[in-house]
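Undergrad: Input file: run.tsv. Contents: TSV, N, CA and C atoms.
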chain	number	residue	atom	x	y	z
A	1	MET	N	23.04	63.84	-13.02
A	1	MET	CA	22.82	64.52	-14.26
A	1	MET	C	23.44	65.90	-14.17
A	2	GLN	N	24.30	66.23	-15.09
A	2	GLN	CA	24.98	67.50	-15.11
A	2	GLN	C	24.28	68.42	-16.10
A	3	LEU	N	23.82	69.57	-15.62
A	3	LEU	CA	23.20	70.54	-16.50
A	3	LEU	C	24.21	71.59	-16.89
A	4	THR	N	24.09	72.08	-18.10
A	4	THR	CA	24.93	73.17	-18.54
A	4	THR	C	24.03	74.27	-19.06
A	5	LEU	N	24.55	75.48	-19.12
A	5	LEU	CA	23.80	76.59	-19.68
A	5	LEU	C	23.99	76.58	-21.18
A	6	ARG	N	22.91	76.47	-21.92
A	6	ARG	CA	22.99	76.44	-23.38
A	6	ARG	C	23.47	77.80	-23.87
A	7	LYS	N	24.51	77.81	-24.66
A	7	LYS	CA	25.03	79.04	-25.24
A	7	LYS	C	24.11	79.45	-26.37
A	8	LEU	N	23.47	80.58	-26.19
A	8	LEU	CA	22.54	81.04	-27.20
A	8	LEU	C	23.28	81.91	-28.20
A	9	ALA	N	22.98	81.70	-29.48
A	9	ALA	CA	23.59	82.43	-30.57
A	9	ALA	C	23.26	83.91	-30.44
A	10	PRO	N	23.71	84.72	-31.38
A	10	PRO	CA	23.49	86.16	-31.28
A	10	PRO	C	22.03	86.55	-31.02
A	11	ALA	N	21.12	85.78	-31.54
A	11	ALA	CA	19.71	86.12	-31.34
A	11	ALA	C	19.30	85.74	-29.93
A	12	LEU	N	18.56	86.62	-29.30
A	12	LEU	CA	18.05	86.35	-27.96
A	12	LEU	C	16.88	85.39	-28.07
A	13	VAL	N	16.95	84.29	-27.34
A	13	VAL	CA	15.86	83.33	-27.36
A	13	VAL	C	15.05	83.53	-26.09
A	14	VAL	N	13.80	83.81	-26.27
A	14	VAL	CA	12.89	84.01	-25.15
A	14	VAL	C	11.84	82.92	-25.21
A	15	VAL	N	11.62	82.28	-24.13
A	15	VAL	CA	10.61	81.24	-24.11
A	15	VAL	C	9.28	81.87	-23.76
A	16	THR	N	8.33	81.70	-24.62
A	16	THR	CA	6.99	82.20	-24.38
A	16	THR	C	6.09	81.02	-24.17
A	17	LEU	N	5.47	80.97	-23.06
A	17	LEU	CA	4.55	79.88	-22.77
A	17	LEU	C	3.21	80.28	-23.35
A	18	ALA	N	2.93	79.79	-24.54
A	18	ALA	CA	1.73	80.19	-25.27
A	18	ALA	C	0.53	79.46	-24.70
A	19	LEU	N	-0.18	80.15	-23.83
A	19	LEU	CA	-1.32	79.53	-23.19
A	19	LEU	C	-2.64	79.87	-23.86
A	20	ALA	N	-2.65	80.88	-24.71
A	20	ALA	CA	-3.88	81.22	-25.40
A	20	ALA	C	-4.23	80.07	-26.33
A	21	GLY	N	-5.40	79.57	-26.21
A	21	GLY	CA	-5.83	78.46	-27.05
A	21	GLY	C	-5.10	77.19	-26.71
A	22	CYS	N	-5.06	76.83	-25.45
A	22	CYS	CA	-4.33	75.63	-25.02
A	22	CYS	C	-5.10	74.35	-25.25
A	23	LYS	N	-6.02	74.35	-26.16
A	23	LYS	CA	-6.73	73.12	-26.44
A	23	LYS	C	-5.76	72.14	-27.07
A	24	THR	N	-6.06	70.90	-26.92
A	24	THR	CA	-5.17	69.88	-27.46
A	24	THR	C	-5.09	70.02	-28.97
A	25	ALA	N	-3.89	70.16	-29.46
A	25	ALA	CA	-3.68	70.28	-30.90
A	25	ALA	C	-3.76	68.91	-31.53
A	26	PRO	N	-4.20	68.84	-32.77
A	26	PRO	CA	-4.22	67.53	-33.42
A	26	PRO	C	-2.80	66.99	-33.51
A	27	THR	N	-2.67	65.72	-33.30
A	27	THR	CA	-1.35	65.11	-33.38
A	27	THR	C	-1.27	64.29	-34.65
A	28	LYS	N	-0.10	64.25	-35.21
A	28	LYS	CA	0.12	63.46	-36.42
A	28	LYS	C	0.52	62.06	-36.00
A	29	SER	N	-0.17	61.09	-36.52
A	29	SER	CA	0.21	59.72	-36.20
A	29	SER	C	1.11	59.20	-37.30
A	30	PRO	N	2.16	58.46	-36.93
A	30	PRO	CA	3.05	57.95	-37.95
A	30	PRO	C	2.30	56.99	-38.86
A	31	ASP	N	2.65	57.02	-40.14
A	31	ASP	CA	2.04	56.10	-41.09
A	31	ASP	C	2.35	54.68	-40.68
A	32	ALA	N	1.50	53.78	-41.08
A	32	ALA	CA	1.75	52.38	-40.77
A	32	ALA	C	3.10	51.99	-41.34
A	33	ALA	N	3.80	51.17	-40.59
A	33	ALA	CA	5.14	50.77	-41.03
A	33	ALA	C	5.04	50.01	-42.34
A	34	ALA	N	5.73	50.51	-43.33
A	34	ALA	CA	5.73	49.84	-44.63
A	34	ALA	C	6.93	48.93	-44.70
A	35	THR	N	6.76	47.81	-45.34
A	35	THR	CA	7.87	46.89	-45.50
A	35	THR	C	8.70	47.37	-46.67
A	36	PRO	N	9.99	47.68	-46.46
A	36	PRO	CA	10.81	48.17	-47.56
A	36	PRO	C	11.10	47.06	-48.55
A	37	ASP	N	11.23	47.47	-49.81
A	37	ASP	CA	11.61	46.51	-50.84
A	37	ASP	C	13.05	46.08	-50.59
A	38	ALA	N	13.40	44.93	-51.10
A	38	ALA	CA	14.77	44.43	-50.94
A	38	ALA	C	15.73	45.44	-51.54
A	39	GLY	N	16.80	45.71	-50.86
A	39	GLY	CA	17.82	46.63	-51.36
A	39	GLY	C	17.57	48.07	-50.95
A	40	GLN	N	16.37	48.42	-50.46
A	40	GLN	CA	16.10	49.79	-50.03
A	40	GLN	C	16.64	49.99	-48.62
A	41	GLN	N	17.17	51.17	-48.39
A	41	GLN	CA	17.64	51.49	-47.05
A	41	GLN	C	16.52	52.21	-46.31
A	42	THR	N	16.43	51.97	-45.03
A	42	THR	CA	15.45	52.70	-44.23
A	42	THR	C	16.22	53.64	-43.32
A	43	THR	N	15.59	54.75	-43.00
A	43	THR	CA	16.23	55.71	-42.10
A	43	THR	C	15.46	55.73	-40.80
A	44	GLN	N	16.19	55.83	-39.71
A	44	GLN	CA	15.59	55.93	-38.39
A	44	GLN	C	15.36	57.40	-38.08
A	45	PRO	N	14.22	57.76	-37.49
A	45	PRO	CA	14.01	59.16	-37.12
A	45	PRO	C	14.99	59.54	-36.02
A	46	ALA	N	15.36	60.82	-36.02
A	46	ALA	CA	16.27	61.31	-34.99
A	46	ALA	C	15.59	61.21	-33.63
A	47	ALA	N	16.38	60.94	-32.62
A	47	ALA	CA	15.83	60.85	-31.27
A	47	ALA	C	15.30	62.22	-30.85
A	48	ALA	N	14.15	62.23	-30.22
A	48	ALA	CA	13.56	63.48	-29.77
A	48	ALA	C	14.35	64.02	-28.58
A	49	ALA	N	14.46	65.33	-28.53
A	49	ALA	CA	15.17	65.97	-27.42
A	49	ALA	C	14.37	65.79	-26.14
A	50	SER	N	15.07	65.64	-25.03
A	50	SER	CA	14.37	65.61	-23.75
A	50	SER	C	14.02	67.06	-23.38
A	51	VAL	N	12.81	67.26	-22.94
A	51	VAL	CA	12.33	68.59	-22.56
A	51	VAL	C	11.71	68.47	-21.18
A	52	ASP	N	12.25	69.21	-20.23
A	52	ASP	CA	11.75	69.16	-18.86
A	52	ASP	C	11.68	70.57	-18.29
A	53	PHE	N	10.72	70.79	-17.40
A	53	PHE	CA	10.56	72.06	-16.71
A	53	PHE	C	10.72	71.78	-15.22
A	54	TYR	N	11.59	72.57	-14.57
A	54	TYR	CA	11.87	72.41	-13.15
A	54	TYR	C	11.55	73.70	-12.42
A	55	LEU	N	11.06	73.59	-11.19
A	55	LEU	CA	10.96	74.77	-10.36
A	55	LEU	C	12.37	75.16	-9.95
A	56	ALA	N	12.65	76.45	-10.05
A	56	ALA	CA	13.98	76.95	-9.71
A	56	ALA	C	13.84	78.03	-8.64
A	57	HIS	N	14.75	78.02	-7.69
A	57	HIS	CA	14.73	78.96	-6.58
A	57	HIS	C	16.02	79.78	-6.59
A	58	GLN	N	15.95	80.93	-5.94
A	58	GLN	CA	17.12	81.81	-5.85
A	58	GLN	C	18.03	81.41	-4.69
A	59	GLN	N	17.50	80.69	-3.70
A	59	GLN	CA	18.26	80.32	-2.52
A	59	GLN	C	18.42	78.81	-2.44
A	60	PRO	N	19.56	78.32	-1.91
A	60	PRO	CA	19.74	76.87	-1.76
A	60	PRO	C	18.79	76.31	-0.72
A	61	GLY	N	18.56	75.02	-0.83
A	61	GLY	CA	17.70	74.35	0.14
A	61	GLY	C	17.79	72.85	-0.04
A	62	PRO	N	17.19	72.11	0.86
A	62	PRO	CA	17.23	70.65	0.76
A	62	PRO	C	16.50	70.18	-0.50
A	63	GLY	N	17.07	69.20	-1.17
A	63	GLY	CA	16.45	68.64	-2.37
A	63	GLY	C	16.64	69.49	-3.62
A	64	LEU	N	17.48	70.52	-3.55
A	64	LEU	CA	17.73	71.38	-4.70
A	64	LEU	C	19.15	71.18	-5.19
A	65	ARG	N	19.34	71.22	-6.49
A	65	ARG	CA	20.70	71.13	-7.03
A	65	ARG	C	21.10	72.48	-7.61
A	66	GLU	N	22.35	72.82	-7.40
A	66	GLU	CA	22.88	74.12	-7.77
A	66	GLU	C	23.28	74.15	-9.25
A	67	ILE	N	22.88	75.23	-9.92
A	67	ILE	CA	23.26	75.47	-11.31
A	67	ILE	C	23.98	76.82	-11.34
A	68	THR	N	25.21	76.84	-11.82
A	68	THR	CA	25.97	78.07	-11.89
A	68	THR	C	25.70	78.77	-13.22
A	69	LEU	N	25.34	80.04	-13.12
A	69	LEU	CA	25.06	80.88	-14.29
A	69	LEU	C	26.12	81.98	-14.36
A	70	PRO	N	26.26	82.64	-15.50
A	70	PRO	CA	27.24	83.73	-15.59
A	70	PRO	C	27.00	84.84	-14.57
A	71	ASP	N	25.73	85.07	-14.19
A	71	ASP	CA	25.43	86.16	-13.27
A	71	ASP	C	24.92	85.70	-11.90
A	72	GLY	N	25.18	84.46	-11.55
A	72	GLY	CA	24.75	83.97	-10.24
A	72	GLY	C	24.46	82.48	-10.26
A	73	LYS	N	23.56	82.07	-9.38
A	73	LYS	CA	23.23	80.64	-9.27
A	73	LYS	C	21.72	80.48	-9.18
A	74	LEU	N	21.27	79.34	-9.63
A	74	LEU	CA	19.88	78.92	-9.45
A	74	LEU	C	19.91	77.56	-8.78
A	75	TYR	N	18.82	77.23	-8.11
A	75	TYR	CA	18.73	75.96	-7.41
A	75	TYR	C	17.46	75.25	-7.89
A	76	LEU	N	17.66	74.17	-8.65
A	76	LEU	CA	16.57	73.45	-9.27
A	76	LEU	C	16.14	72.26	-8.43
A	77	GLN	N	14.83	72.02	-8.42
A	77	GLN	CA	14.33	70.82	-7.79
A	77	GLN	C	14.80	69.63	-8.61
A	78	GLU	N	14.92	68.48	-7.97
A	78	GLU	CA	15.44	67.28	-8.62
A	78	GLU	C	14.47	66.68	-9.64
A	79	VAL	N	13.17	66.82	-9.39
A	79	VAL	CA	12.17	66.18	-10.24
A	79	VAL	C	11.47	67.24	-11.08
A	80	PRO	N	11.34	67.02	-12.39
A	80	PRO	CA	10.65	68.01	-13.23
A	80	PRO	C	9.16	68.09	-12.88
A	81	VAL	N	8.60	69.29	-13.01
A	81	VAL	CA	7.18	69.49	-12.75
A	81	VAL	C	6.36	69.36	-14.03
A	82	LEU	N	6.99	69.53	-15.17
A	82	LEU	CA	6.38	69.33	-16.49
A	82	LEU	C	7.41	68.65	-17.37
A	83	THR	N	6.94	67.85	-18.32
A	83	THR	CA	7.86	67.16	-19.23
A	83	THR	C	7.36	67.30	-20.66
A	84	ARG	N	8.11	66.73	-21.58
A	84	ARG	CA	7.74	66.73	-22.99
A	84	ARG	C	6.34	66.15	-23.19
A	85	ALA	N	5.94	65.20	-22.36
A	85	ALA	CA	4.62	64.59	-22.46
A	85	ALA	C	3.50	65.60	-22.24
A	86	ASP	N	3.79	66.72	-21.58
A	86	ASP	CA	2.79	67.75	-21.32
A	86	ASP	C	2.66	68.75	-22.48
A	87	LEU	N	3.49	68.61	-23.50
A	87	LEU	CA	3.47	69.52	-24.66
A	87	LEU	C	2.79	68.85	-25.84
A	88	THR	N	2.14	69.67	-26.65
A	88	THR	CA	1.60	69.16	-27.92
A	88	THR	C	2.35	69.74	-29.11
A	89	ASP	N	3.03	70.88	-28.90
A	89	ASP	CA	3.71	71.53	-30.02
A	89	ASP	C	4.76	72.49	-29.50
A	90	ALA	N	5.81	72.66	-30.26
A	90	ALA	CA	6.84	73.67	-30.00
A	90	ALA	C	7.30	74.18	-31.35
A	91	ALA	N	7.46	75.49	-31.45
A	91	ALA	CA	7.86	76.07	-32.73
A	91	ALA	C	8.75	77.28	-32.52
A	92	ALA	N	9.76	77.43	-33.38
A	92	ALA	CA	10.60	78.62	-33.39
A	92	ALA	C	9.82	79.72	-34.09
A	93	LEU	N	9.69	80.87	-33.45
A	93	LEU	CA	8.90	81.98	-33.98
A	93	LEU	C	9.70	83.28	-33.91
A	94	VAL	N	9.22	84.29	-34.62
A	94	VAL	CA	9.84	85.62	-34.59
A	94	VAL	C	8.74	86.63	-34.30
A	95	ASP	N	8.99	87.54	-33.33
A	95	ASP	CA	7.96	88.54	-33.00
A	95	ASP	C	8.06	89.73	-33.95
A	96	ARG	N	7.22	90.72	-33.76
A	96	ARG	CA	7.17	91.89	-34.66
A	96	ARG	C	8.45	92.72	-34.62
A	97	GLN	N	9.18	92.63	-33.52
A	97	GLN	CA	10.44	93.36	-33.42
A	97	GLN	C	11.62	92.57	-33.97
A	98	GLY	N	11.35	91.38	-34.49
A	98	GLY	CA	12.41	90.57	-35.07
A	98	GLY	C	13.14	89.68	-34.07
A	99	GLN	N	12.65	89.61	-32.84
A	99	GLN	CA	13.28	88.78	-31.82
A	99	GLN	C	12.79	87.34	-31.96
A	100	ASN	N	13.71	86.40	-31.83
A	100	ASN	CA	13.36	84.98	-31.90
A	100	ASN	C	12.85	84.51	-30.55
A	101	PHE	N	11.90	83.59	-30.58
A	101	PHE	CA	11.42	82.95	-29.36
A	101	PHE	C	10.85	81.60	-29.72
A	102	VAL	N	10.61	80.81	-28.69
A	102	VAL	CA	10.03	79.49	-28.88
A	102	VAL	C	8.61	79.53	-28.31
A	103	GLY	N	7.65	79.19	-29.14
A	103	GLY	CA	6.27	79.09	-28.68
A	103	GLY	C	5.98	77.66	-28.30
A	104	LEU	N	5.39	77.47	-27.14
A	104	LEU	CA	5.09	76.13	-26.65
A	104	LEU	C	3.58	75.99	-26.47
A	105	ARG	N	3.02	74.90	-26.94
A	105	ARG	CA	1.61	74.63	-26.72
A	105	ARG	C	1.53	73.39	-25.83
A	106	PHE	N	0.76	73.54	-24.76
A	106	PHE	CA	0.60	72.46	-23.80
A	106	PHE	C	-0.69	71.70	-24.07
A	107	SER	N	-0.68	70.44	-23.70
A	107	SER	CA	-1.91	69.64	-23.73
A	107	SER	C	-2.85	70.24	-22.68
A	108	GLU	N	-4.11	69.82	-22.68
A	108	GLU	CA	-5.05	70.33	-21.68
A	108	GLU	C	-4.56	69.99	-20.28
A	109	ALA	N	-4.09	68.77	-20.08
A	109	ALA	CA	-3.57	68.36	-18.77
A	109	ALA	C	-2.32	69.16	-18.42
A	110	GLY	N	-1.44	69.38	-19.40
A	110	GLY	CA	-0.22	70.15	-19.18
A	110	GLY	C	-0.53	71.60	-18.82
A	111	ALA	N	-1.52	72.19	-19.49
A	111	ALA	CA	-1.93	73.57	-19.19
A	111	ALA	C	-2.48	73.67	-17.78
A	112	ARG	N	-3.24	72.67	-17.36
A	112	ARG	CA	-3.76	72.67	-15.97
A	112	ARG	C	-2.60	72.59	-14.98
A	113	LYS	N	-1.62	71.71	-15.27
A	113	LYS	CA	-0.45	71.59	-14.38
A	113	LYS	C	0.30	72.91	-14.31
A	114	LEU	N	0.52	73.54	-15.48
A	114	LEU	CA	1.25	74.80	-15.52
A	114	LEU	C	0.52	75.87	-14.72
A	115	THR	N	-0.78	75.94	-14.86
A	115	THR	CA	-1.57	76.92	-14.10
A	115	THR	C	-1.42	76.69	-12.60
A	116	GLU	N	-1.54	75.44	-12.18
A	116	GLU	CA	-1.41	75.11	-10.77
A	116	GLU	C	-0.01	75.43	-10.24
A	117	ILE	N	1.00	75.05	-11.00
A	117	ILE	CA	2.39	75.30	-10.60
A	117	ILE	C	2.66	76.79	-10.50
A	118	SER	N	2.21	77.55	-11.50
A	118	SER	CA	2.43	79.00	-11.51
A	118	SER	C	1.73	79.68	-10.35
A	119	THR	N	0.51	79.26	-10.06
A	119	THR	CA	-0.27	79.85	-8.98
A	119	THR	C	0.38	79.60	-7.62
A	120	LYS	N	0.90	78.41	-7.43
A	120	LYS	CA	1.49	78.03	-6.13
A	120	LYS	C	2.92	78.50	-5.96
A	121	ASN	N	3.55	78.99	-7.02
A	121	ASN	CA	4.98	79.33	-6.95
A	121	ASN	C	5.28	80.73	-7.46
A	122	VAL	N	4.42	81.68	-7.13
A	122	VAL	CA	4.66	83.07	-7.53
A	122	VAL	C	5.99	83.53	-6.94
A	123	GLY	N	6.84	84.13	-7.76
A	123	GLY	CA	8.14	84.61	-7.31
A	123	GLY	C	9.27	83.64	-7.60
A	124	ASN	N	8.94	82.39	-7.86
A	124	ASN	CA	9.97	81.43	-8.25
A	124	ASN	C	10.07	81.39	-9.77
A	125	ARG	N	11.06	80.71	-10.25
A	125	ARG	CA	11.27	80.58	-11.69
A	125	ARG	C	10.89	79.19	-12.16
A	126	LEU	N	10.58	79.08	-13.44
A	126	LEU	CA	10.32	77.80	-14.07
A	126	LEU	C	11.42	77.61	-15.10
A	127	ALA	N	12.32	76.68	-14.84
A	127	ALA	CA	13.48	76.47	-15.69
A	127	ALA	C	13.16	75.49	-16.81
A	128	LEU	N	13.44	75.89	-18.03
A	128	LEU	CA	13.27	75.02	-19.20
A	128	LEU	C	14.63	74.39	-19.49
A	129	VAL	N	14.66	73.06	-19.47
A	129	VAL	CA	15.89	72.31	-19.70
A	129	VAL	C	15.67	71.40	-20.91
A	130	ILE	N	16.50	71.57	-21.93
A	130	ILE	CA	16.42	70.74	-23.13
A	130	ILE	C	17.72	69.98	-23.26
A	131	ASP	N	17.61	68.67	-23.34
A	131	ASP	CA	18.80	67.80	-23.42
A	131	ASP	C	19.83	68.15	-22.36
A	132	GLN	N	19.36	68.31	-21.12
A	132	GLN	CA	20.20	68.59	-19.97
A	132	GLN	C	20.92	69.92	-20.04
A	133	GLU	N	20.41	70.85	-20.85
A	133	GLU	CA	20.98	72.20	-20.93
A	133	GLU	C	19.91	73.20	-20.55
A	134	LEU	N	20.23	74.08	-19.60
A	134	LEU	CA	19.33	75.12	-19.19
A	134	LEU	C	19.18	76.12	-20.32
A	135	VAL	N	17.96	76.29	-20.80
A	135	VAL	CA	17.71	77.19	-21.93
A	135	VAL	C	17.17	78.52	-21.44
A	136	ALA	N	16.24	78.48	-20.48
A	136	ALA	CA	15.65	79.71	-19.96
A	136	ALA	C	15.09	79.41	-18.58
A	137	ALA	N	14.95	80.48	-17.78
A	137	ALA	CA	14.36	80.34	-16.45
A	137	ALA	C	13.54	81.60	-16.13
A	138	PRO	N	12.43	81.79	-16.87
A	138	PRO	CA	11.61	82.97	-16.61
A	138	PRO	C	10.87	82.87	-15.28
A	139	SER	N	10.53	84.04	-14.69
A	139	SER	CA	9.76	84.00	-13.45
A	139	SER	C	8.30	84.14	-13.76
For the file at hand, write its structure as structure tokens.
TA:
Amino acid sequence: MQLTLRKLAPALVVVTLALAGCKTAPTKSPDAAATPDAGQQTTQPAAAASVDFYLAHQQPGPGLREITLPDGKLYLQEVPVLTRADLTDAAALVDRQGQNFVGLRFSEAGARKLTEISTKNVGNRLALVIDQELVAAPS
């Protein structure tokens, strides 16, 4: 799998891991499949983006893959520590200073995983990868 650095538009995108109120958000269930009338076209929903979080290190090591960045390199573990299944919601937001960011809400299980991962990996980064593109790697 080849990762690339997602080119961010003029607006700075900051990933905020919104942990306040990490209770499971209500999920919308798709309506029961309706049988279309003859002659009606049906549309398929767009495929959901893959969302994965990897532990990232500053130094190379066994089991790590190298990602080249404009200002250096990061070394990501091969297996994600969190995935889309650990999220309940993601939304594009704007802070009071007008900066864009993405707010993420984790499921209760995902929030527990994130807490455990963060506690055990102080000083390392958590890389957010969407559709095989590195979006952010906050520490």
Undergrad: Could you check how far atom N of Asp131 in chain A sits from CA of Leu69 in chain A, in Å to one decimal?
TA: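 For atom N of Asp131 in chain A relative to CA of Leu69 in chain A, the distance reads 16.9 Å.
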Undergrad: Provide the atom N of Ser50 in chain A to CA of Ile130 in chain A distance in Å, to one decimal place.
TA: 5.6 Å
Undergrad: With only C-alpha atoms as the counted atoms, please give the residues lying no more than 6 Å from Leu82 in chain A, apart from itself and same-chain residues fewer than 2 positions off, as a VMD selection string.
TA: chain A and resid 52 to 53 80
Undergrad: Please compute the CA of Ala90 in chain A-CA of Glu78 in chain A distance, one decimal, in Å.
TA: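 Distance reported for this atom pair: 23.9 Å.
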Undergrad: From the options A:Gln97, A:Thr83, A:Gln132, A:Asn124, which residue's atoms come nearest to Gly110 in chain A, counting all atoms listed in the file?
TA: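 Between A:Gln97, A:Thr83, A:Gln132, A:Asn124, the residue approaching Gly110 in chain A most closely is A:Thr83.
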Undergrad: Using only N, CA and C atoms, find the one residue out of A:Leu87, A:Asp95, A:Tyr75, A:Glu66 that sits nearest to Ala111 in chain A.
TA: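 Nearest candidate to Ala111 in chain A out of A:Leu87, A:Asp95, A:Tyr75, A:Glu66: A:Leu87.
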Undergrad: For a cutoff of 10 Å around the file-coordinate point (-0.9, 72.1, -17.5), which residues qualify once you count only C-alpha atoms? I'd like the result as a PyMOL selection string.
TA: chain A and resi 19+22+81-82+86-87+105-118
Undergrad: Just to be explicit: take each residue in the selection above, keep N, CA and C atoms, and write the result as a PDB file, in the frame of the given file.
TA:
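Written file, selection_22.pdb:
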ATOM      1  N   LEU A  19      -0.180  80.150 -23.830  1.00  0.00           N
ATOM      2  CA  LEU A  19      -1.320  79.530 -23.190  1.00  0.00           C
ATOM      3  C   LEU A  19      -2.640  79.870 -23.860  1.00  0.00           C
ATOM      4  N   CYS A  22      -5.060  76.830 -25.450  1.00  0.00           N
ATOM      5  CA  CYS A  22      -4.330  75.630 -25.020  1.00  0.00           C
ATOM      6  C   CYS A  22      -5.100  74.350 -25.250  1.00  0.00           C
ATOM      7  N   VAL A  81       8.600  69.290 -13.010  1.00  0.00           N
ATOM      8  CA  VAL A  81       7.180  69.490 -12.750  1.00  0.00           C
ATOM      9  C   VAL A  81       6.360  69.360 -14.030  1.00  0.00           C
ATOM     10  N   LEU A  82       6.990  69.530 -15.170  1.00  0.00           N
ATOM     11  CA  LEU A  82       6.380  69.330 -16.490  1.00  0.00           C
ATOM     12  C   LEU A  82       7.410  68.650 -17.370  1.00  0.00           C
ATOM     13  N   ASP A  86       3.790  66.720 -21.580  1.00  0.00           N
ATOM     14  CA  ASP A  86       2.790  67.750 -21.320  1.00  0.00           C
ATOM     15  C   ASP A  86       2.660  68.750 -22.480  1.00  0.00           C
ATOM     16  N   LEU A  87       3.490  68.610 -23.500  1.00  0.00           N
ATOM     17  CA  LEU A  87       3.470  69.520 -24.660  1.00  0.00           C
ATOM     18  C   LEU A  87       2.790  68.850 -25.840  1.00  0.00           C
ATOM     19  N   ARG A 105       3.020  74.900 -26.940  1.00  0.00           N
ATOM     20  CA  ARG A 105       1.610  74.630 -26.720  1.00  0.00           C
ATOM     21  C   ARG A 105       1.530  73.390 -25.830  1.00  0.00           C
ATOM     22  N   PHE A 106       0.760  73.540 -24.760  1.00  0.00           N
ATOM     23  CA  PHE A 106       0.600  72.460 -23.800  1.00  0.00           C
ATOM     24  C   PHE A 106      -0.690  71.700 -24.070  1.00  0.00           C
ATOM     25  N   SER A 107      -0.680  70.440 -23.700  1.00  0.00           N
ATOM     26  CA  SER A 107      -1.910  69.640 -23.730  1.00  0.00           C
ATOM     27  C   SER A 107      -2.850  70.240 -22.680  1.00  0.00           C
ATOM     28  N   GLU A 108      -4.110  69.820 -22.680  1.00  0.00           N
ATOM     29  CA  GLU A 108      -5.050  70.330 -21.680  1.00  0.00           C
ATOM     30  C   GLU A 108      -4.560  69.990 -20.280  1.00  0.00           C
ATOM     31  N   ALA A 109      -4.090  68.770 -20.080  1.00  0.00           N
ATOM     32  CA  ALA A 109      -3.570  68.360 -18.770  1.00  0.00           C
ATOM     33  C   ALA A 109      -2.320  69.160 -18.420  1.00  0.00           C
ATOM     34  N   GLY A 110      -1.440  69.380 -19.400  1.00  0.00           N
ATOM     35  CA  GLY A 110      -0.220  70.150 -19.180  1.00  0.00           C
ATOM     36  C   GLY A 110      -0.530  71.600 -18.820  1.00  0.00           C
ATOM     37  N   ALA A 111      -1.520  72.190 -19.490  1.00  0.00           N
ATOM     38  CA  ALA A 111      -1.930  73.570 -19.190  1.00  0.00           C
ATOM     39  C   ALA A 111      -2.480  73.670 -17.780  1.00  0.00           C
ATOM     40  N   ARG A 112      -3.240  72.670 -17.360  1.00  0.00           N
ATOM     41  CA  ARG A 112      -3.760  72.670 -15.970  1.00  0.00           C
ATOM     42  C   ARG A 112      -2.600  72.590 -14.980  1.00  0.00           C
ATOM     43  N   LYS A 113      -1.620  71.710 -15.270  1.00  0.00           N
ATOM     44  CA  LYS A 113      -0.450  71.590 -14.380  1.00  0.00           C
ATOM     45  C   LYS A 113       0.300  72.910 -14.310  1.00  0.00           C
ATOM     46  N   LEU A 114       0.520  73.540 -15.480  1.00  0.00           N
ATOM     47  CA  LEU A 114       1.250  74.800 -15.520  1.00  0.00           C
ATOM     48  C   LEU A 114       0.520  75.870 -14.720  1.00  0.00           C
ATOM     49  N   THR A 115      -0.780  75.940 -14.860  1.00  0.00           N
ATOM     50  CA  THR A 115      -1.570  76.920 -14.100  1.00  0.00           C
ATOM     51  C   THR A 115      -1.420  76.690 -12.600  1.00  0.00           C
ATOM     52  N   GLU A 116      -1.540  75.440 -12.180  1.00  0.00           N
ATOM     53  CA  GLU A 116      -1.410  75.110 -10.770  1.00  0.00           C
ATOM     54  C   GLU A 116      -0.010  75.430 -10.240  1.00  0.00           C
ATOM     55  N   ILE A 117       1.000  75.050 -11.000  1.00  0.00           N
ATOM     56  CA  ILE A 117       2.390  75.300 -10.600  1.00  0.00           C
ATOM     57  C   ILE A 117       2.660  76.790 -10.500  1.00  0.00           C
ATOM     58  N   SER A 118       2.210  77.550 -11.500  1.00  0.00           N
ATOM     59  CA  SER A 118       2.430  79.000 -11.510  1.00  0.00           C
ATOM     60  C   SER A 118       1.730  79.680 -10.350  1.00  0.00           C
TER      61      SER A 118
END
Undergrad: Enumerate, as a ChimeraX atom specification, the complete set of residues in range 54-131 of chain A that a backbone-based DSSP assignment places in strand (DSSP E or B).
TA: /A:54-57,64-69,72-77,82-83,87-94,100-106,125-130
Undergrad: Pick the closest to Gly123 in chain A from A:Gly98, A:Pro62, A:Gly103, A:Pro138: which is it, counting all atoms listed in the file?
TA: A:Pro138
